[in-house]
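Pasting upload.txt here (compact mmCIF, C-alpha atoms):
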```
# COMPACT_ATOMS: atom_id res chain seq x y z
CA MET A 215 201.32 217.49 244.31
CA ALA A 216 198.87 215.67 246.56
CA ARG A 217 201.70 215.34 249.11
CA ALA A 218 202.39 219.07 248.87
CA LEU A 219 198.74 219.87 249.57
CA ALA A 220 198.78 217.51 252.56
CA ASP A 221 201.94 219.23 253.88
CA LEU A 222 200.23 222.59 253.49
CA GLY A 223 197.27 221.31 255.48
CA ALA A 224 199.57 220.07 258.26
CA ALA A 225 201.33 223.43 258.41
CA VAL A 226 198.03 225.27 258.73
CA ASP A 227 196.88 222.86 261.45
CA GLU A 228 200.07 223.57 263.41
CA LEU A 229 199.67 227.32 262.97
CA ALA A 230 196.10 227.07 264.18
CA ARG A 231 197.17 225.16 267.30
CA ARG A 232 199.82 227.75 268.12
CA ARG A 233 197.13 230.44 267.95
CA GLY A 234 194.79 228.45 270.14
CA ARG A 235 192.45 227.62 267.24
CA GLN A 236 191.57 224.58 265.20
CA VAL A 237 190.68 224.00 261.56
CA PRO A 238 186.99 223.04 261.33
CA PRO A 239 186.70 219.34 260.40
CA GLU A 240 184.64 220.12 257.34
CA LEU A 241 187.54 222.20 255.97
CA SER A 242 190.31 219.68 256.52
CA VAL A 243 192.50 219.06 253.48
CA ALA A 244 191.19 216.18 251.36
CA THR A 245 193.93 214.59 249.24
CA SER A 246 192.06 211.49 248.07
CA VAL A 247 190.76 213.28 245.00
CA ALA A 248 191.14 212.70 241.30
CA PRO A 249 194.60 213.60 239.96
CA THR A 250 195.00 216.74 237.91
CA ASP A 251 197.75 218.89 236.41
CA ALA A 252 199.88 221.46 238.23
CA ALA A 253 197.44 224.28 237.50
CA GLY A 254 194.60 222.21 238.92
CA TRP A 255 196.49 221.50 242.14
CA GLN A 256 197.33 225.19 242.44
CA ALA A 257 193.68 226.11 242.06
CA ARG A 258 192.65 223.60 244.72
CA ALA A 259 195.23 224.94 247.20
CA THR A 260 194.20 228.54 246.56
CA SER A 261 190.52 227.73 246.98
CA TRP A 262 191.17 225.81 250.21
CA LEU A 263 193.25 228.60 251.76
CA ALA A 264 190.58 231.15 250.86
CA ALA A 265 187.98 229.05 252.70
CA VAL A 266 190.00 228.13 255.76
CA GLY A 267 191.38 231.61 256.51
CA PRO A 268 188.10 233.28 257.58
CA ALA A 269 187.03 230.08 259.35
CA LEU A 270 190.10 230.21 261.56
CA VAL A 271 189.39 233.82 262.51
CA ASP A 272 185.82 233.00 263.49
CA ALA A 273 186.50 229.62 265.11
CA ALA A 274 186.20 229.24 268.86
CA PRO A 275 189.50 228.89 270.74
CA LEU A 276 190.63 225.44 271.72
CA ALA A 277 189.41 224.47 275.19
CA PRO A 278 192.29 224.69 277.70
CA TRP A 279 191.21 221.46 279.43
CA ARG A 280 192.11 217.93 278.38
CA ASP A 281 192.13 215.18 280.96
CA GLY A 282 195.67 213.85 281.38
CA ALA A 283 197.39 216.86 279.81
CA VAL A 284 198.45 220.33 280.90
CA TYR A 285 197.95 223.50 278.86
CA CYS A 286 201.02 224.67 276.94
CA TYR A 287 201.09 228.46 276.75
CA ARG A 288 203.85 228.39 274.14
CA CYS A 289 201.80 226.32 271.68
CA ARG A 290 198.41 227.60 272.92
CA ALA A 291 197.24 224.01 273.07
CA ASN A 292 197.04 220.88 275.20
CA THR A 293 197.68 218.51 272.32
CA CYS A 294 201.33 219.34 271.68
CA ALA A 295 204.28 217.15 272.69
CA HIS A 296 204.94 219.38 275.74
CA ALA A 297 201.52 218.76 277.31
CA THR A 298 202.02 215.21 278.62
CA PRO A 299 204.79 213.48 280.61
CA PRO A 300 207.65 212.38 278.36
CA ASP A 301 208.22 209.14 280.29
CA PRO A 302 206.40 207.03 282.92
CA ARG A 303 208.38 208.46 285.86
CA ALA A 304 208.18 212.13 284.94
CA VAL A 305 206.11 214.61 286.97
CA PHE A 306 205.05 218.16 286.23
CA ALA A 307 207.76 220.63 287.32
CA GLY A 308 206.26 223.96 286.28
CA TYR A 309 206.54 226.28 283.30
CA GLU A 310 209.47 227.84 281.51
CA ALA A 311 209.40 231.63 281.23
CA THR A 312 207.97 231.31 277.71
CA GLY A 313 205.09 229.08 278.80
CA LYS A 314 206.41 225.64 277.90
CA PRO A 315 205.51 222.93 280.48
CA THR A 316 208.54 221.25 282.03
CA TRP A 317 208.80 217.73 283.42
CA ALA A 318 211.28 216.22 285.85
CA GLY A 319 212.10 212.71 287.00
CA PHE A 320 210.26 211.83 290.21
CA LEU A 321 213.44 210.64 291.90
CA GLU A 322 215.23 213.92 291.14
CA VAL A 323 212.29 215.91 292.56
CA CYS A 324 212.37 213.87 295.77
CA LEU A 325 216.14 214.18 296.16
CA ALA A 326 215.76 217.97 296.00
CA ALA A 327 212.74 218.19 298.34
CA ARG A 328 213.68 215.38 300.78
CA PRO A 329 210.11 214.34 301.63
CA GLU A 330 209.31 211.98 304.49
CA GLY A 331 209.99 208.35 303.56
CA LEU A 332 212.54 209.17 300.83
CA ASP A 333 214.63 206.08 301.67
CA ALA A 334 211.76 203.84 300.57
CA LEU A 335 212.46 204.75 296.92
CA PHE A 336 215.80 202.93 297.10
CA GLU A 337 214.41 199.69 298.50
CA SER A 338 213.53 196.61 296.48
CA PRO A 339 210.79 196.83 295.48
CA PRO A 340 210.66 200.62 295.82
CA GLY A 341 208.14 202.12 298.23
CA VAL A 342 205.66 204.93 297.72
CA VAL A 343 206.42 208.58 298.48
CA ALA A 344 204.16 211.59 297.93
CA LEU A 345 204.92 215.30 297.97
CA ALA A 346 202.45 218.22 298.02
CA GLN A 347 203.56 221.30 296.08
CA ALA A 348 202.16 224.83 296.00
CA GLY A 349 200.92 226.06 292.65
CA ALA A 350 202.58 229.46 293.02
CA GLU A 351 205.98 227.81 292.78
CA LEU A 352 205.02 225.99 289.58
CA GLY A 353 203.89 229.10 287.73
CA GLU A 354 206.56 231.42 289.09
CA GLY A 355 208.72 232.98 286.39
CA LEU A 356 206.18 233.01 283.54
CA LEU A 357 206.55 236.12 281.41
CA PRO A 358 203.66 238.42 280.40
CA GLY A 359 202.28 237.22 277.10
CA PHE A 360 203.37 233.66 277.89
CA GLY A 361 200.91 232.79 280.65
CA ALA A 362 201.78 235.20 283.48
CA ASP A 363 198.88 237.52 282.61
CA GLU A 364 196.42 234.80 281.54
CA ALA A 365 194.09 232.80 283.78
CA VAL A 366 193.55 229.99 281.28
CA TYR A 367 195.04 226.98 283.07
CA VAL A 368 196.17 227.78 286.60
CA VAL A 369 197.72 225.10 288.79
CA HIS A 370 196.77 226.02 292.36
CA GLY A 371 198.52 223.00 293.87
CA GLN A 372 199.53 219.46 293.11
CA VAL A 373 200.66 216.16 294.60
CA VAL A 374 203.43 214.16 292.94
CA LEU A 375 203.45 210.48 293.77
CA GLY A 376 205.63 207.45 293.11
CA LEU A 377 206.73 204.85 292.64
CA VAL A 378 203.45 203.06 292.05
CA PRO A 379 203.01 199.63 290.41
CA ARG A 380 201.70 200.34 286.94
CA ASP A 381 198.96 197.72 287.25
CA LEU A 382 198.30 198.58 290.94
CA ARG A 383 198.90 194.92 291.81
CA GLY A 384 202.60 194.95 292.67
CA SER A 385 204.11 194.62 289.20
CA ASP A 386 207.81 195.26 288.68
CA GLU A 387 207.16 198.30 286.49
CA ARG A 388 206.84 201.39 288.67
CA VAL A 389 205.54 204.78 287.56
CA ALA A 390 204.98 208.30 288.91
CA LEU A 391 201.80 210.37 288.90
CA THR A 392 200.94 214.06 289.16
CA LEU A 393 197.55 215.08 290.56
CA GLN A 394 196.77 218.75 290.00
CA ALA A 395 194.12 221.07 291.42
CA VAL A 396 193.54 223.27 288.38
CA GLU A 397 191.44 226.34 287.67
CA VAL A 398 190.34 226.33 284.04
CA ARG A 399 188.91 229.41 282.34
CA HIS A 400 187.47 229.41 278.83
CA PRO A 401 185.49 232.14 277.01
CA ALA A 402 182.66 229.72 276.28
CA ALA A 403 182.25 228.43 279.85
CA PRO A 404 182.49 229.63 283.47
CA ALA A 405 185.67 229.10 285.47
CA ARG A 406 185.91 225.67 287.05
CA LEU A 407 188.19 223.85 289.47
CA ARG A 408 189.15 220.39 288.30
CA LEU A 409 191.36 217.50 289.36
CA ASN A 410 193.79 216.51 286.64
CA LEU A 411 195.58 213.15 286.76
CA LEU A 412 198.81 213.10 284.74
CA GLY A 413 200.82 209.98 284.06
CA PRO A 414 200.53 206.39 282.82
CA LEU A 415 197.52 205.60 285.06
CA ASP A 416 194.38 207.33 283.85
CA HIS A 417 190.88 207.25 285.34
CA GLU A 418 189.67 204.54 282.96
CA THR A 419 192.59 202.25 283.84
CA ILE A 420 192.04 202.74 287.57
CA THR A 421 188.29 202.10 287.26
CA ALA A 422 188.86 198.95 285.21
CA ALA A 423 191.39 197.62 287.72
CA ALA A 424 188.99 198.38 290.57
CA GLY A 425 186.25 196.36 288.92
CA GLU A 426 188.46 193.33 288.33
CA GLY A 427 189.77 192.93 291.86
CA ALA A 428 188.28 191.95 295.21
CA PRO A 429 186.09 194.43 297.09
CA ARG A 430 188.11 197.25 298.67
CA ASN A 431 191.17 196.35 296.59
CA ARG A 432 193.91 198.94 296.15
CA ALA A 433 192.59 200.19 292.81
CA GLU A 434 189.09 200.63 294.25
CA GLN A 435 190.45 202.55 297.22
CA LEU A 436 192.43 204.77 294.86
CA ARG A 437 189.35 205.37 292.72
CA ARG A 438 187.36 206.40 295.79
CA THR A 439 190.16 208.64 297.02
CA LEU A 440 190.31 210.49 293.70
CA GLU A 441 186.54 210.83 293.59
CA GLN A 442 186.47 212.29 297.10
CA ALA A 443 189.23 214.75 296.17
CA ARG A 444 187.29 215.73 293.06
CA ARG A 445 184.14 216.42 295.06
CA ARG A 446 186.03 218.49 297.63
CA LEU A 447 187.59 220.52 294.84
CA GLU A 448 184.21 221.12 293.24
CA THR A 449 182.89 222.37 296.59
CA VAL A 450 185.74 224.88 296.80
CA GLY A 451 185.05 225.84 293.18
CA ARG A 452 181.44 226.71 294.00
CA ARG A 453 182.62 228.78 296.95
CA VAL A 454 185.06 230.68 294.73
CA ALA A 455 182.42 231.24 292.04
CA ASP A 456 179.88 232.53 294.58
CA ALA A 457 182.44 234.94 296.03
CA GLU A 458 183.36 236.25 292.58
CA ALA A 459 179.68 236.71 291.73
CA ARG A 460 179.36 238.93 294.82
CA GLY A 461 182.42 240.88 293.77
CA GLU A 462 184.50 239.59 296.67
CA ALA A 463 188.21 238.81 296.41
CA VAL A 464 189.02 235.19 297.16
CA ASP A 465 192.34 233.33 297.31
CA ALA A 466 191.57 230.02 295.62
CA ALA A 467 195.11 228.74 296.24
CA ALA A 468 194.76 229.22 300.01
CA LEU A 469 191.48 227.28 299.99
CA ILE A 470 192.99 224.48 297.93
CA GLU A 471 196.21 224.06 299.91
CA PRO A 472 194.60 221.99 302.72
CA LEU A 473 192.99 219.77 300.07
CA THR A 474 196.31 218.87 298.46
CA GLY A 475 197.80 218.15 301.87
CA ARG A 476 194.91 215.85 302.69
CA LEU A 477 195.12 214.18 299.28
CA ARG A 478 198.81 213.47 299.84
CA GLY A 479 198.05 211.71 303.11
CA ASP A 480 195.16 209.75 301.61
CA LEU A 481 197.28 208.55 298.70
CA ILE A 482 200.05 207.33 300.97
CA ARG A 483 197.52 205.52 303.13
CA VAL A 484 196.03 203.76 300.11
CA LEU A 485 199.13 202.98 298.07
CA ARG A 486 201.84 202.40 300.65
CA PRO A 487 201.79 198.74 301.79
CA ARG A 488 200.69 198.26 305.39
CA SER A 489 204.05 196.79 306.39
CA GLU A 490 205.82 199.87 305.02
CA ARG A 491 203.44 202.26 306.81
CA THR A 492 204.05 200.40 310.08
CA ARG A 493 207.80 200.56 309.61
CA HIS A 494 207.76 204.34 309.13
CA ALA A 495 205.56 204.78 312.19
CA GLU A 496 207.99 202.71 314.27
CA GLN A 497 210.91 204.78 313.03
CA ARG A 498 209.16 207.98 314.10
CA HIS A 499 208.33 206.43 317.47
CA ARG A 500 211.94 205.41 318.07
CA GLY A 501 212.96 208.98 317.16
CA GLY A 502 210.73 210.21 319.98
CA GLU A 503 208.81 212.79 317.94
CA ARG A 504 205.93 213.35 315.61
CA PRO A 505 206.77 214.66 312.09
CA THR A 506 205.49 218.15 312.93
CA SER A 507 207.37 218.52 316.23
CA ALA A 508 210.56 219.66 314.48
CA ALA A 509 208.59 222.41 312.77
CA PHE A 510 207.35 223.82 316.10
CA ASP A 511 210.79 223.43 317.69
CA ASP A 512 212.38 225.37 314.82
CA ALA A 513 209.66 228.03 315.00
CA ARG A 514 210.18 228.59 318.74
CA ALA A 515 213.97 228.73 318.37
CA ALA A 516 214.08 231.00 315.29
CA GLY A 517 215.17 234.58 315.71
CA ALA A 518 212.98 237.35 314.33
CA GLU A 519 215.23 237.64 311.26
CA ARG A 520 214.36 234.04 310.35
CA LEU A 521 210.61 234.65 310.36
CA LEU A 522 209.37 235.79 306.95
CA ALA A 523 205.97 236.69 305.57
CA ASP A 524 204.93 235.11 302.28
CA ARG A 525 203.11 238.04 300.66
CA ARG A 526 201.43 235.88 298.06
CA ARG A 527 200.08 233.21 300.38
CA GLN A 528 199.68 235.29 303.56
CA THR A 529 201.59 232.69 305.55
CA VAL A 530 204.66 232.72 307.80
CA VAL A 531 207.85 231.00 306.63
CA VAL A 532 210.21 229.81 309.37
CA LEU A 533 213.81 229.30 308.25
CA GLY A 534 215.21 226.34 310.18
CA PRO A 535 218.66 224.73 310.22
CA ARG A 536 220.14 222.69 307.36
CA ASN A 537 218.02 224.36 304.65
CA ARG A 538 214.76 223.35 306.32
CA ALA A 539 211.78 225.67 306.09
CA HIS A 540 208.35 225.42 307.66
CA VAL A 541 205.17 227.14 306.53
CA PHE A 542 202.62 228.21 309.15
CA THR A 543 199.43 230.19 309.11
CA ARG A 544 199.63 233.45 311.02
CA GLU A 545 197.54 231.76 313.70
CA GLY A 546 200.31 229.21 314.31
CA ARG A 547 198.90 226.22 312.43
CA HIS A 548 201.57 224.13 310.69
CA VAL A 549 200.87 223.84 306.95
CA THR A 550 203.89 222.07 305.48
CA SER A 551 207.66 221.68 305.68
CA LEU A 552 210.13 221.67 302.83
CA ARG A 553 213.80 221.55 301.95
CA LEU A 554 215.03 224.76 300.31
CA GLU A 555 217.24 224.71 297.26
CA PRO A 556 220.55 226.65 297.38
CA GLY A 557 219.92 230.36 296.83
CA GLU A 558 216.13 230.02 297.11
CA VAL A 559 215.84 232.33 300.13
CA GLY A 560 217.84 235.01 298.34
CA ARG A 561 215.65 234.76 295.23
CA LYS A 562 212.42 234.94 297.23
CA THR A 563 213.53 237.92 299.30
CA ALA A 564 214.99 239.75 296.31
CA SER A 565 211.67 239.46 294.46
CA ARG A 566 209.82 240.58 297.64
CA ARG A 567 207.86 237.35 297.66
CA TRP A 568 209.20 236.77 301.20
CA VAL A 569 209.61 239.81 303.44
CA PRO A 570 210.54 240.18 307.15
CA LEU A 571 207.68 240.01 309.63
CA ASP A 572 207.02 243.30 311.40
CA ASP A 573 207.49 243.41 315.17
CA GLU A 574 203.79 243.11 315.99
CA ALA A 575 203.37 240.10 313.67
CA VAL A 576 206.43 238.45 315.23
CA ARG A 577 204.97 238.80 318.72
CA ALA A 578 201.57 237.47 317.61
CA PHE A 579 203.13 234.51 315.81
CA ARG A 580 205.35 233.58 318.75
CA ALA A 581 202.34 233.67 321.08
CA ALA A 582 200.38 231.43 318.69
CA VAL A 583 203.22 228.92 318.42
CA GLU A 584 203.77 228.85 322.19
CA GLY A 585 200.06 228.21 322.63
CA ALA A 586 200.40 225.09 320.50
CA ARG A 587 202.53 223.30 323.12
```
For this file, produce the structure as structure tokens.
Amino acid sequence: MARALADLGAAVDELARRRGRQVPPELSVATSVAPTDAAGWQARATSWLAAVGPALVDAAPLAPWRDGAVYCYRCRANTCAHATPPDPRAVFAGYEATGKPTWAGFLEVCLAARPEGLDALFESPPGVVALAQAGAELGEGLLPGFGADEAVYVVHGQVVLGLVPRDLRGSDERVALTLQAVEVRHPAAPARLRLNLLGPLDHETITAAAGEGAPRNRAEQLRRTLEQARRRLETVGRRVADAEARGEAVDAAALIEPLTGRLRGDLIRVLRPRSERTRHAEQRHRGGERPTSAAFDDARAAGAERLLADRRRQTVVVLGPRNRAHVFTREGRHVTSLRLEPGEVGRKTASRRWVPLDDEAVRAFRAAVEGAR
């Protein structure tokens, strides 16, 4: 009977988590009590349920933030099995329609996106590749009632990174990391922008490794890079909060996008060995172009039908050859380039996320791109 009462307590704990609540510690089931008969156990269970029911109604919701975990809208918690990477090389890949976080192997993500330096992942030992991703893509497809209409845990952008030595000293074991720029909202506290590090390397491990090595070692450089990114994100958070206090609309994702791009570059600089960085630079030099030159070439060559407006981000998407796409500001500044998945253009245009640029916008964009020569 003691086991039955413990099972009942576990079931109530799970129900509470799914509702975004938690059983107060003082009302947890206590099974280390004197044995009694069946009627006694029944009375204890009834008394406990009578006490815990009202407490769950009045209890504060679980906080949506936990360092090293994402918020699961399906379970209304960040402590469930879905909230953390299932293996050391998994990175956050977005949400299912019903709010469950999904994870994907870092190699599979890179093969789909084709980021710069992809070949380094197949060397021995594998090199380091980083990819910046827009938050809108990660939350796209959530259904109302499962996160689409809730601003609880909003990923405004992230950088996925791998393959990094687990001990940051060149060990054979390599892992992947996800660094998210997250907006967290909770009834008991104001909205806040935070940097969330997901994966086998947490802040404590990085700090410990930094303290054990020589000055300016790789772990110390990584610690400083993350701290700088955190401070920049907090600065943007204050700007967003001030704008909201004045009743002004503000696009937090647009403000964060340059930060994730900068973080990607900083992480590569810190974690990619110098010899590997030099090799990639030489390859670009032999190719006779900078990484962004192809983006401007594609933009100048694209017909008007291949210039689309991203209505959510207020940017211009240039459809290039071989499934390439380039994102620009309307003023002609290159933001990022990406490899489109099959059918992605059709899905984006069908949902009206991407729409054709009007004639005036096409002329203005072409003038801006020509001025960038």
Can you tell me how far CA of Arg566 in chain A sits from CA of Gln394 in chain A, in Å to one decimal?
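So the answer is 26.6 Å.
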Could you work out how far CA of Ile470 in chain A lies from CA of Arg547 in chain A, giving the answer in Å with one decimal?
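Computing it gives 15.8 Å between the two atoms.
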Spatial neighbours of Thr421 in chain A, max dist 10 Å, all atoms listed in the file, sep filter under 5 positions, as a compact mmCIF listing (two decimals) with C-alpha atoms, keeping the file's coordinate frame:
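What ended up in selection.txt:
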```
# COMPACT_ATOMS: atom_id res chain seq x y z
CA ASP A 416 194.38 207.33 283.85
CA GLU A 426 188.46 193.33 288.33
CA ALA A 433 192.59 200.19 292.81
CA GLU A 434 189.09 200.63 294.25
CA LEU A 436 192.43 204.77 294.86
CA ARG A 437 189.35 205.37 292.72
CA ARG A 438 187.36 206.40 295.79
```
Separation of CA of Leu469 in chain A from CA of Val450 in chain A in Å:
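Taking CA of Val450 in chain A and CA of Leu469 in chain A, their separation equals 7.0 Å.
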Hey, what's within 7 Å of Leu352 in chain A if we count all atoms listed in the file and toss same-chain stuff fewer than 2 positions away? As a PDB file with C-alpha atoms, in the coordinates of the input, please?
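result_21.pdb written:
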```pdb
ATOM      1  CA  ALA A 307     207.760 220.630 287.320  1.00  0.00           C
ATOM      2  CA  GLY A 308     206.260 223.960 286.280  1.00  0.00           C
ATOM      3  CA  TYR A 309     206.540 226.280 283.300  1.00  0.00           C
ATOM      4  CA  GLY A 349     200.920 226.060 292.650  1.00  0.00           C
ATOM      5  CA  ALA A 350     202.580 229.460 293.020  1.00  0.00           C
ATOM      6  CA  GLU A 354     206.560 231.420 289.090  1.00  0.00           C
TER       7      GLU A 354
END
```
With only C-alpha atoms as the counted atoms, please give the residues lying no more than 9 Å from Ala327 in chain A, apart from itself and same-chain residues fewer than 3 positions off, as a PyMOL selection string.
chain A and resi 322-324+345+552-555
For Val374 in chain A, please output as JSON, numbers by chain all residues within 12 Å (counting only C-alpha atoms; exclusion window: fewer than 5 positions along the same chain).
{"A": [303, 304, 305, 306, 307, 317, 318, 319, 320, 321, 322, 323, 324, 327, 329, 342, 343, 344, 345, 346, 347, 348, 389, 390, 391, 392, 393, 394, 395, 410, 411, 412, 413, 474, 475, 477, 478, 479, 481, 482]}
I'd like to know which of A:Ser338, A:Thr293, A:Ser551, A:Gln435 is closest to Asn537 in chain A, using all atoms listed in the file.
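Between A:Ser338, A:Thr293, A:Ser551, A:Gln435, the residue approaching Asn537 in chain A most closely is A:Ser551.
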So that I can see what lies close to Val464 in chain A, please list as a ChimeraX atom specification the residues with an atom at most 12 Å from it, counting all atoms listed in the file and leaving out residues fewer than 2 positions away in the same chain.
/A:450-462,466-470,527
Name the closest residue to Val576 in chain A among the candidates A:Ala564, A:Ala523, A:Leu335, A:Ala311; distances are taken between atoms, counting all atoms listed in the file.
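Checking each candidate against Val576 in chain A, we get A:Ala523 as the closest.
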Which residue is closest to Ala539 in chain A? Choose from A:Arg445, A:Arg290, A:Arg520, A:Arg280 and count only C-alpha atoms.
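Checking each candidate against Ala539 in chain A, we get A:Arg520 as the closest.
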With distances taken over all atoms listed in the file, which of A:Leu415, A:Val541, A:Cys286, A:Leu332 is nearest to Thr316 in chain A?
A:Cys286
